[in-house]
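Colleague: Attaching a single structure in structure tokens format; questions to follow.
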Amino acid sequence: MSEVRTRFAPSPTGFMHVGNLRTALYAWLLARSASGKFILRIEDTDQARYVENAVDVIYATLKSAGLEHDEGPDKDGGVGPYIQSERKGLYRQYAEQLVASGAAYYCFCDKNDEAADENAVHDAAEPCPGHCGELDAAVAAERVKNGEPHVIRQRIPRDGVSVFNDTVFGEITIENKVLDDQILLKRDGMPTYNFANVVDDHLMGITHVVRGSEYLSSTPKYNLLYQAFNWEIPQYVHLPLIMGRDAEGNVSKLSKRHGSVSFENLVTEGYLPEAIVNYIALLGWSPKSDREIFTLKELAEAFNVAGLNKSPAVFDYDKLKWMNSEYIKALPFEEFASKALPFTTVADSPLADSWEKIAALLHSRVETFADCQEKIAFLLEQPEYGVELFNHKKSKSTPENSAEDLPLIRERLAALEEWNAAAISDVLSKFAEETGVKAGRPMWQARIAVSGCAVTPGGPGEIMEILGKQVSLARIDAALSKF
RNA sequence: GUCUCCAUCGUCUAGAGGCCUAGGACACCGGGUUCUCAUCCCGGCAACAUGGGUUCGAAUCCCAUUGGAGAUGCCA
């Protein structure tokens with residue numbers, strides 16, 4: 001029994017789509033759960049799409065997600081290079097081999113002939129306008145020798161059917177005649193994704209090909225290639241697609257128009273990498289239990305291809321948010337405080353020293369770190385508000401009684417020597433007791449006066465402690481001037 | 001157009017012939033706790049696409065219909 005080897009083969013586009021990340025996750029999980037190897041290969045065969053530093057984004061994402069690779073451009077495992085552009089010569093050699101055996105042929109048609117009619121439906125029976133497949137091999141070889149621009153196309157049989165077995169979708173049968181003579185080697189000498197994949201997967205000893213189900217219908221073309229080379233066909237694990245819902249309510253493959261779909265975007269929006277990974281693990285796979293929160297390690301232990309689903313899964317931001325909030329709440333306080341700080345402007349404010357107290361207010365109240373700033377903005381600067389905010393039915397607070405009570409409360413507060421939440425609450429409670437009202441009333445009155453918000457994280461004591469005596473009293477004075 | 005795949009609450013899913021008057025989670029709606037809010041606790045709403053079979057019995061098997069998605073690139 002040979003060792004399981006899976007690979008993740010992203011193209012360096014500069015950002016990591018969560019769908020790609022999920023593919024990487026499952027490939028990693030499959031390798032780890034079988035004590036196999038996880039290989040990273042960079043698919044940069046499209047020169048036009050080259051993006052600076054894109055490979056670094058891939059490394060950073062994998063690292064941040066915890067998906068460590070065993071082999072890759074930076075970790076030689078003996079089957080490199082792991083970057084396709086550095087393997088360029090190899091592909092030509094293999095493509096020529098196919099031409100020699102008749103499984104492929106040179107095509108001299110102009111790119112533009114085909115591109116002219118962009119939306120034209122491709123007719124598999126007529127792969128190129130020039131019928132290059134029918135050209136005499138010797139004549140074609142001569143033209144190539146003379147430097148005529150060309151591509152190499154795969155010669156697909158016009159009859160028969162291709163049958164293959166997919167780990168999740170089962171047996172798939174496709175008639176060969178609907179397969180087109182796909183291009184293997186481009187005019188620039190670079191291989192196409194499909195061809196490079198087959199060559200590299202074989203050369204790198206990949207045993208399980210984990211990829212999205214959008215490749216299901218082109219898999220026979222891959223297999224025909226493997227057969228032409230007389231190579232062993234790997235085991236396919238096609239994953240259900242991740243879908244997004246647009247404004248009209250239609251679903252389609254998750255893309256930018258559906259919202260933030262890249263890992264790094266999600267992170268900058270305040271999601272924890274662990275939460276993102278946990279969430280996408282459950283998109284298309286089920287542990288077959290009611291459990292939902294898993295660490296990466298636990299996922300590796302629980303992972304089983306039997307739990308892979310066939311139907312597409314809609315990416316649900318609400319559920320991601322919920323999961324993120326679970327992860328945030330589970331964070332040790334110190335860690336929460338240090339991770340949340342950069343999402344606020346507190347560090348550059350007079351309240352910087354009170355950050356821990358502020359963070360304590362936030363910890364159980366945010367779903368993403370991005371929620372932080374908005375929730376504590378009133379501490380940094382009190383918003384404009386009207387006296388009607390003093391109305392609160394339950395505590396029987398009104399602008400009128402607030403105008404009466406607040407000066408008295410202010411007086412007691414001003415006399416306070418120990419300025420902390422407990423002492424402040426105590427003043428408020430005592431005041432209520434002495435005037436014969438429920439504690440809720442002065443609490444509400446005071447909180448509105450110092451915050452200017454109907455809803456705040458924390459109560460009047462906590463808010464005033466953070467604000468400090470001077471600012472708190474000043475805010476009460478400001479409130480008083482409104483009556 | 002053609003080919004392929006898919007089909008359980010709004011969403012993610014459990015369910016592999018009787019354990020299903022279909023379970024869990026998110027969202028939503030109530031209630032409780034709380035100095036507002038949040039946390040936390042309790043409860044509720046809500047689905048087997050349709051039609052035929054097969055079977056003593058079907059969400060589970062088969063067929064058709066309908067619906068959805070993907071593929072059909074010198075993109076990956």
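How things are named: the first chain in the structure tokens is A, the next is B, and so on; residues count from 1 in each chain; ligands count from 1 in the order shown.
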Quick check: residues of chain A within 6 Å of chain B, only C-alpha atoms (C1' of nucleotides), returned as a list in words.
Modeller: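 Putting it all together, I get Lys186, Glu214, Ser217, Asp290, Ser311, Lys319, Ser364, Arg365, Gly440, Met443, Val455, Thr456, Pro457 and Gly459 of chain A.
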Colleague: Please dump the current selection as an mmCIF file, in the first residue's frame; keep all heavy atoms.
Modeller:
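And here's result11.cif as it stands now:
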```cif
data_model
loop_
_atom_site.group_PDB
_atom_site.id
_atom_site.type_symbol
_atom_site.label_atom_id
_atom_site.label_comp_id
_atom_site.auth_asym_id
_atom_site.auth_seq_id
_atom_site.Cartn_x
_atom_site.Cartn_y
_atom_site.Cartn_z
ATOM 1 N N LYS A 186 0.190 25.592 -24.936
ATOM 2 C CA LYS A 186 -0.215 26.856 -25.518
ATOM 3 C C LYS A 186 0.826 27.376 -26.496
ATOM 4 O O LYS A 186 1.951 26.894 -26.537
ATOM 5 C CB LYS A 186 -0.444 27.898 -24.414
ATOM 6 C CG LYS A 186 -1.519 27.514 -23.425
ATOM 7 C CD LYS A 186 -1.785 28.632 -22.441
ATOM 8 C CE LYS A 186 -1.339 28.265 -21.051
ATOM 9 N NZ LYS A 186 -1.770 29.226 -20.029
ATOM 10 N N GLU A 214 -16.400 21.232 -10.298
ATOM 11 C CA GLU A 214 -16.488 21.820 -11.633
ATOM 12 C C GLU A 214 -15.608 21.056 -12.624
ATOM 13 O O GLU A 214 -15.740 21.223 -13.824
ATOM 14 C CB GLU A 214 -16.114 23.310 -11.620
ATOM 15 C CG GLU A 214 -14.688 23.609 -11.211
ATOM 16 C CD GLU A 214 -14.566 23.974 -9.735
ATOM 17 O OE1 GLU A 214 -15.233 23.309 -8.921
ATOM 18 O OE2 GLU A 214 -13.803 24.890 -9.397
ATOM 19 N N SER A 217 -16.864 17.047 -15.184
ATOM 20 C CA SER A 217 -17.130 16.701 -16.582
ATOM 21 C C SER A 217 -15.885 16.733 -17.463
ATOM 22 O O SER A 217 -15.932 16.259 -18.586
ATOM 23 C CB SER A 217 -18.227 17.594 -17.144
ATOM 24 O OG SER A 217 -17.969 18.936 -16.859
ATOM 25 N N ASP A 290 -23.570 15.808 15.916
ATOM 26 C CA ASP A 290 -24.098 17.153 16.110
ATOM 27 C C ASP A 290 -23.024 18.167 16.460
ATOM 28 O O ASP A 290 -23.300 19.334 16.650
ATOM 29 C CB ASP A 290 -25.166 17.149 17.218
ATOM 30 C CG ASP A 290 -26.434 16.445 16.751
ATOM 31 O OD1 ASP A 290 -26.599 16.295 15.524
ATOM 32 O OD2 ASP A 290 -27.231 16.039 17.603
ATOM 33 N N SER A 311 -24.131 17.709 -2.782
ATOM 34 C CA SER A 311 -24.826 18.929 -3.207
ATOM 35 C C SER A 311 -24.084 20.187 -2.822
ATOM 36 O O SER A 311 -23.393 20.245 -1.818
ATOM 37 C CB SER A 311 -26.234 18.947 -2.650
ATOM 38 O OG SER A 311 -26.326 18.137 -1.528
ATOM 39 N N LYS A 319 -23.894 32.361 9.751
ATOM 40 C CA LYS A 319 -23.398 31.250 10.563
ATOM 41 C C LYS A 319 -21.900 31.400 10.834
ATOM 42 O O LYS A 319 -21.421 31.035 11.899
ATOM 43 C CB LYS A 319 -23.682 29.916 9.880
ATOM 44 C CG LYS A 319 -23.314 28.736 10.754
ATOM 45 C CD LYS A 319 -24.298 27.610 10.700
ATOM 46 C CE LYS A 319 -23.984 26.589 11.796
ATOM 47 N NZ LYS A 319 -24.910 25.453 11.772
ATOM 48 N N SER A 364 -17.772 39.681 25.329
ATOM 49 C CA SER A 364 -18.951 38.829 25.090
ATOM 50 C C SER A 364 -19.954 39.494 24.154
ATOM 51 O O SER A 364 -21.035 38.980 23.928
ATOM 52 C CB SER A 364 -19.646 38.514 26.412
ATOM 53 O OG SER A 364 -20.251 39.688 26.917
ATOM 54 N N ARG A 365 -19.562 40.655 23.643
ATOM 55 C CA ARG A 365 -20.541 41.406 22.861
ATOM 56 C C ARG A 365 -20.268 41.550 21.379
ATOM 57 O O ARG A 365 -21.049 42.170 20.661
ATOM 58 C CB ARG A 365 -20.719 42.804 23.471
ATOM 59 C CG ARG A 365 -21.629 42.796 24.677
ATOM 60 C CD ARG A 365 -21.645 44.158 25.350
ATOM 61 N NE ARG A 365 -20.988 44.068 26.642
ATOM 62 C CZ ARG A 365 -21.640 44.106 27.804
ATOM 63 N NH1 ARG A 365 -22.928 44.293 27.838
ATOM 64 N NH2 ARG A 365 -20.985 43.976 28.930
ATOM 65 N N GLY A 440 -32.919 50.738 38.873
ATOM 66 C CA GLY A 440 -32.889 50.908 37.426
ATOM 67 C C GLY A 440 -33.015 52.342 36.963
ATOM 68 O O GLY A 440 -32.440 52.708 35.936
ATOM 69 N N MET A 443 -29.786 54.356 37.353
ATOM 70 C CA MET A 443 -28.842 53.653 36.489
ATOM 71 C C MET A 443 -29.046 54.123 35.053
ATOM 72 O O MET A 443 -28.101 54.404 34.322
ATOM 73 C CB MET A 443 -29.064 52.136 36.566
ATOM 74 C CG MET A 443 -28.694 51.511 37.900
ATOM 75 S SD MET A 443 -26.923 51.334 38.131
ATOM 76 C CE MET A 443 -26.860 50.499 39.712
ATOM 77 N N VAL A 455 -28.258 52.101 23.962
ATOM 78 C CA VAL A 455 -27.649 50.787 24.159
ATOM 79 C C VAL A 455 -26.145 50.943 24.257
ATOM 80 O O VAL A 455 -25.527 51.575 23.403
ATOM 81 C CB VAL A 455 -27.989 49.851 22.978
ATOM 82 C CG1 VAL A 455 -27.230 48.535 23.112
ATOM 83 C CG2 VAL A 455 -29.489 49.612 22.909
ATOM 84 N N THR A 456 -25.575 50.393 25.300
ATOM 85 C CA THR A 456 -24.119 50.468 25.457
ATOM 86 C C THR A 456 -23.595 49.150 26.014
ATOM 87 O O THR A 456 -24.332 48.423 26.676
ATOM 88 C CB THR A 456 -23.717 51.557 26.472
ATOM 89 O OG1 THR A 456 -24.321 51.231 27.738
ATOM 90 C CG2 THR A 456 -24.157 52.922 26.030
ATOM 91 N N PRO A 457 -22.363 48.867 25.728
ATOM 92 C CA PRO A 457 -21.776 47.714 26.400
ATOM 93 C C PRO A 457 -21.437 48.188 27.805
ATOM 94 O O PRO A 457 -20.812 49.220 27.984
ATOM 95 C CB PRO A 457 -20.525 47.419 25.577
ATOM 96 C CG PRO A 457 -20.194 48.697 24.884
ATOM 97 C CD PRO A 457 -21.480 49.448 24.717
ATOM 98 N N GLY A 459 -22.651 48.946 32.009
ATOM 99 C CA GLY A 459 -23.580 49.842 32.672
ATOM 100 C C GLY A 459 -22.905 51.149 33.053
ATOM 101 O O GLY A 459 -21.748 51.375 32.705
#
```
Colleague: Skipping near chain neighbours, those fewer than 5 positions away, what residues fall within 10 Å of A:Ser35 using only C-alpha atoms (C1' of nucleotides), listed as a list in words?
Modeller: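 Within the cut-off, the hits are Glu3, Val4, Arg5, Leu29 and Leu30 of chain A.
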Colleague: Give me, as JSON, numbers by chain, all polymer residues having an atom no more than 12 Å from B:A16, counting only C-alpha atoms (C1' of nucleotides) and skipping those fewer than 2 positions away in the same chain.
Modeller: {"A": [306], "B": [14, 59, 60, 61]}
Colleague: Could you dump the residues just selected with all heavy atoms as an mmCIF file, in the first residue's frame?
Modeller:
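As written to disk, out.cif reads:
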```cif
data_model
loop_
_atom_site.group_PDB
_atom_site.id
_atom_site.type_symbol
_atom_site.label_atom_id
_atom_site.label_comp_id
_atom_site.auth_asym_id
_atom_site.auth_seq_id
_atom_site.Cartn_x
_atom_site.Cartn_y
_atom_site.Cartn_z
ATOM 1 N N ALA A 306 -16.276 9.717 3.815
ATOM 2 C CA ALA A 306 -17.679 9.303 3.814
ATOM 3 C C ALA A 306 -18.587 10.472 4.193
ATOM 4 O O ALA A 306 -19.763 10.496 3.850
ATOM 5 C CB ALA A 306 -17.886 8.141 4.769
ATOM 6 P P A B 14 -25.266 15.264 5.978
ATOM 7 O OP1 A B 14 -24.050 14.455 5.811
ATOM 8 O OP2 A B 14 -26.262 15.361 4.895
ATOM 9 O "O5'" A B 14 -25.996 14.790 7.317
ATOM 10 C "C5'" A B 14 -25.240 14.651 8.514
ATOM 11 C "C4'" A B 14 -26.091 14.030 9.588
ATOM 12 O "O4'" A B 14 -27.162 14.935 9.958
ATOM 13 C "C3'" A B 14 -26.825 12.765 9.187
ATOM 14 O "O3'" A B 14 -25.954 11.646 9.271
ATOM 15 C "C2'" A B 14 -27.898 12.695 10.271
ATOM 16 O "O2'" A B 14 -27.384 12.192 11.485
ATOM 17 C "C1'" A B 14 -28.245 14.174 10.446
ATOM 18 N N9 A B 14 -29.475 14.557 9.754
ATOM 19 C C8 A B 14 -29.614 15.298 8.609
ATOM 20 N N7 A B 14 -30.866 15.476 8.248
ATOM 21 C C5 A B 14 -31.591 14.793 9.228
ATOM 22 C C6 A B 14 -32.970 14.600 9.423
ATOM 23 N N6 A B 14 -33.895 15.093 8.615
ATOM 24 N N1 A B 14 -33.353 13.879 10.502
ATOM 25 C C2 A B 14 -32.419 13.383 11.311
ATOM 26 N N3 A B 14 -31.084 13.503 11.226
ATOM 27 C C4 A B 14 -30.739 14.228 10.152
ATOM 28 P P A B 59 -41.450 8.106 3.658
ATOM 29 O OP1 A B 59 -40.899 7.382 4.792
ATOM 30 O OP2 A B 59 -42.572 9.032 3.871
ATOM 31 O "O5'" A B 59 -40.227 8.891 3.000
ATOM 32 C "C5'" A B 59 -40.385 10.196 2.449
ATOM 33 C "C4'" A B 59 -39.033 10.720 2.031
ATOM 34 O "O4'" A B 59 -38.376 11.275 3.201
ATOM 35 C "C3'" A B 59 -38.079 9.657 1.499
ATOM 36 O "O3'" A B 59 -38.210 9.544 0.105
ATOM 37 C "C2'" A B 59 -36.722 10.212 1.884
ATOM 38 O "O2'" A B 59 -36.256 11.173 0.965
ATOM 39 C "C1'" A B 59 -37.022 10.897 3.215
ATOM 40 N N9 A B 59 -36.811 10.031 4.358
ATOM 41 C C8 A B 59 -37.763 9.486 5.183
ATOM 42 N N7 A B 59 -37.250 8.744 6.137
ATOM 43 C C5 A B 59 -35.880 8.811 5.933
ATOM 44 C C6 A B 59 -34.784 8.232 6.602
ATOM 45 N N6 A B 59 -34.909 7.444 7.665
ATOM 46 N N1 A B 59 -33.548 8.484 6.149
ATOM 47 C C2 A B 59 -33.429 9.270 5.068
ATOM 48 N N3 A B 59 -34.380 9.879 4.341
ATOM 49 C C4 A B 59 -35.592 9.610 4.834
ATOM 50 P P U B 60 -37.518 8.388 -0.718
ATOM 51 O OP1 U B 60 -37.823 8.615 -2.122
ATOM 52 O OP2 U B 60 -37.869 7.080 -0.076
ATOM 53 O "O5'" U B 60 -35.981 8.641 -0.476
ATOM 54 C "C5'" U B 60 -34.994 7.765 -0.976
ATOM 55 C "C4'" U B 60 -34.050 7.376 0.135
ATOM 56 O "O4'" U B 60 -34.719 7.474 1.396
ATOM 57 C "C3'" U B 60 -33.537 5.944 0.019
ATOM 58 O "O3'" U B 60 -32.163 5.971 -0.326
ATOM 59 C "C2'" U B 60 -33.765 5.303 1.369
ATOM 60 O "O2'" U B 60 -32.570 4.760 1.895
ATOM 61 C "C1'" U B 60 -34.206 6.473 2.242
ATOM 62 N N1 U B 60 -35.207 6.152 3.258
ATOM 63 C C2 U B 60 -34.747 5.575 4.426
ATOM 64 O O2 U B 60 -33.569 5.307 4.601
ATOM 65 N N3 U B 60 -35.709 5.342 5.374
ATOM 66 C C4 U B 60 -37.049 5.625 5.288
ATOM 67 O O4 U B 60 -37.776 5.381 6.225
ATOM 68 C C5 U B 60 -37.460 6.199 4.040
ATOM 69 C C6 U B 60 -36.541 6.436 3.095
ATOM 70 P P C B 61 -31.825 6.197 -1.921
ATOM 71 O OP1 C B 61 -30.348 6.191 -1.970
ATOM 72 O OP2 C B 61 -32.583 7.316 -2.501
ATOM 73 O "O5'" C B 61 -32.365 4.847 -2.573
ATOM 74 C "C5'" C B 61 -31.570 3.662 -2.552
ATOM 75 C "C4'" C B 61 -32.190 2.659 -3.487
ATOM 76 O "O4'" C B 61 -33.399 2.125 -2.862
ATOM 77 C "C3'" C B 61 -32.681 3.250 -4.795
ATOM 78 O "O3'" C B 61 -31.622 3.332 -5.734
ATOM 79 C "C2'" C B 61 -33.741 2.243 -5.209
ATOM 80 O "O2'" C B 61 -33.170 1.087 -5.753
ATOM 81 C "C1'" C B 61 -34.385 1.919 -3.857
ATOM 82 N N1 C B 61 -35.549 2.763 -3.546
ATOM 83 C C2 C B 61 -36.721 2.602 -4.295
ATOM 84 O O2 C B 61 -36.737 1.768 -5.210
ATOM 85 N N3 C B 61 -37.794 3.360 -4.010
ATOM 86 C C4 C B 61 -37.741 4.254 -3.016
ATOM 87 N N4 C B 61 -38.834 4.984 -2.770
ATOM 88 C C5 C B 61 -36.562 4.442 -2.242
ATOM 89 C C6 C B 61 -35.504 3.683 -2.535
#
```
Colleague: Suppose you want the space between atom CA of A:Ser481 and atom CA of A:Lys394; what is it in Å?
Modeller: 25.0 Å
Colleague: What lies within 8 Å of stretch 68-79 of chain A using only C-alpha atoms (C1' of nucleotides), ignoring chain neighbours under 2 positions off, as a ChimeraX atom specification?
Modeller: /A:28,37-42,62-63,66,81-83,203-204
Colleague: Mind the document's chain letters and residue numbers, and return as number ranges by chain the residues of stretch 234-355 of chain A that DSSP labels alpha helix (DSSP H).
Modeller: A: 263-268, 273-281, 296-302, 317-330, 333-340, 355
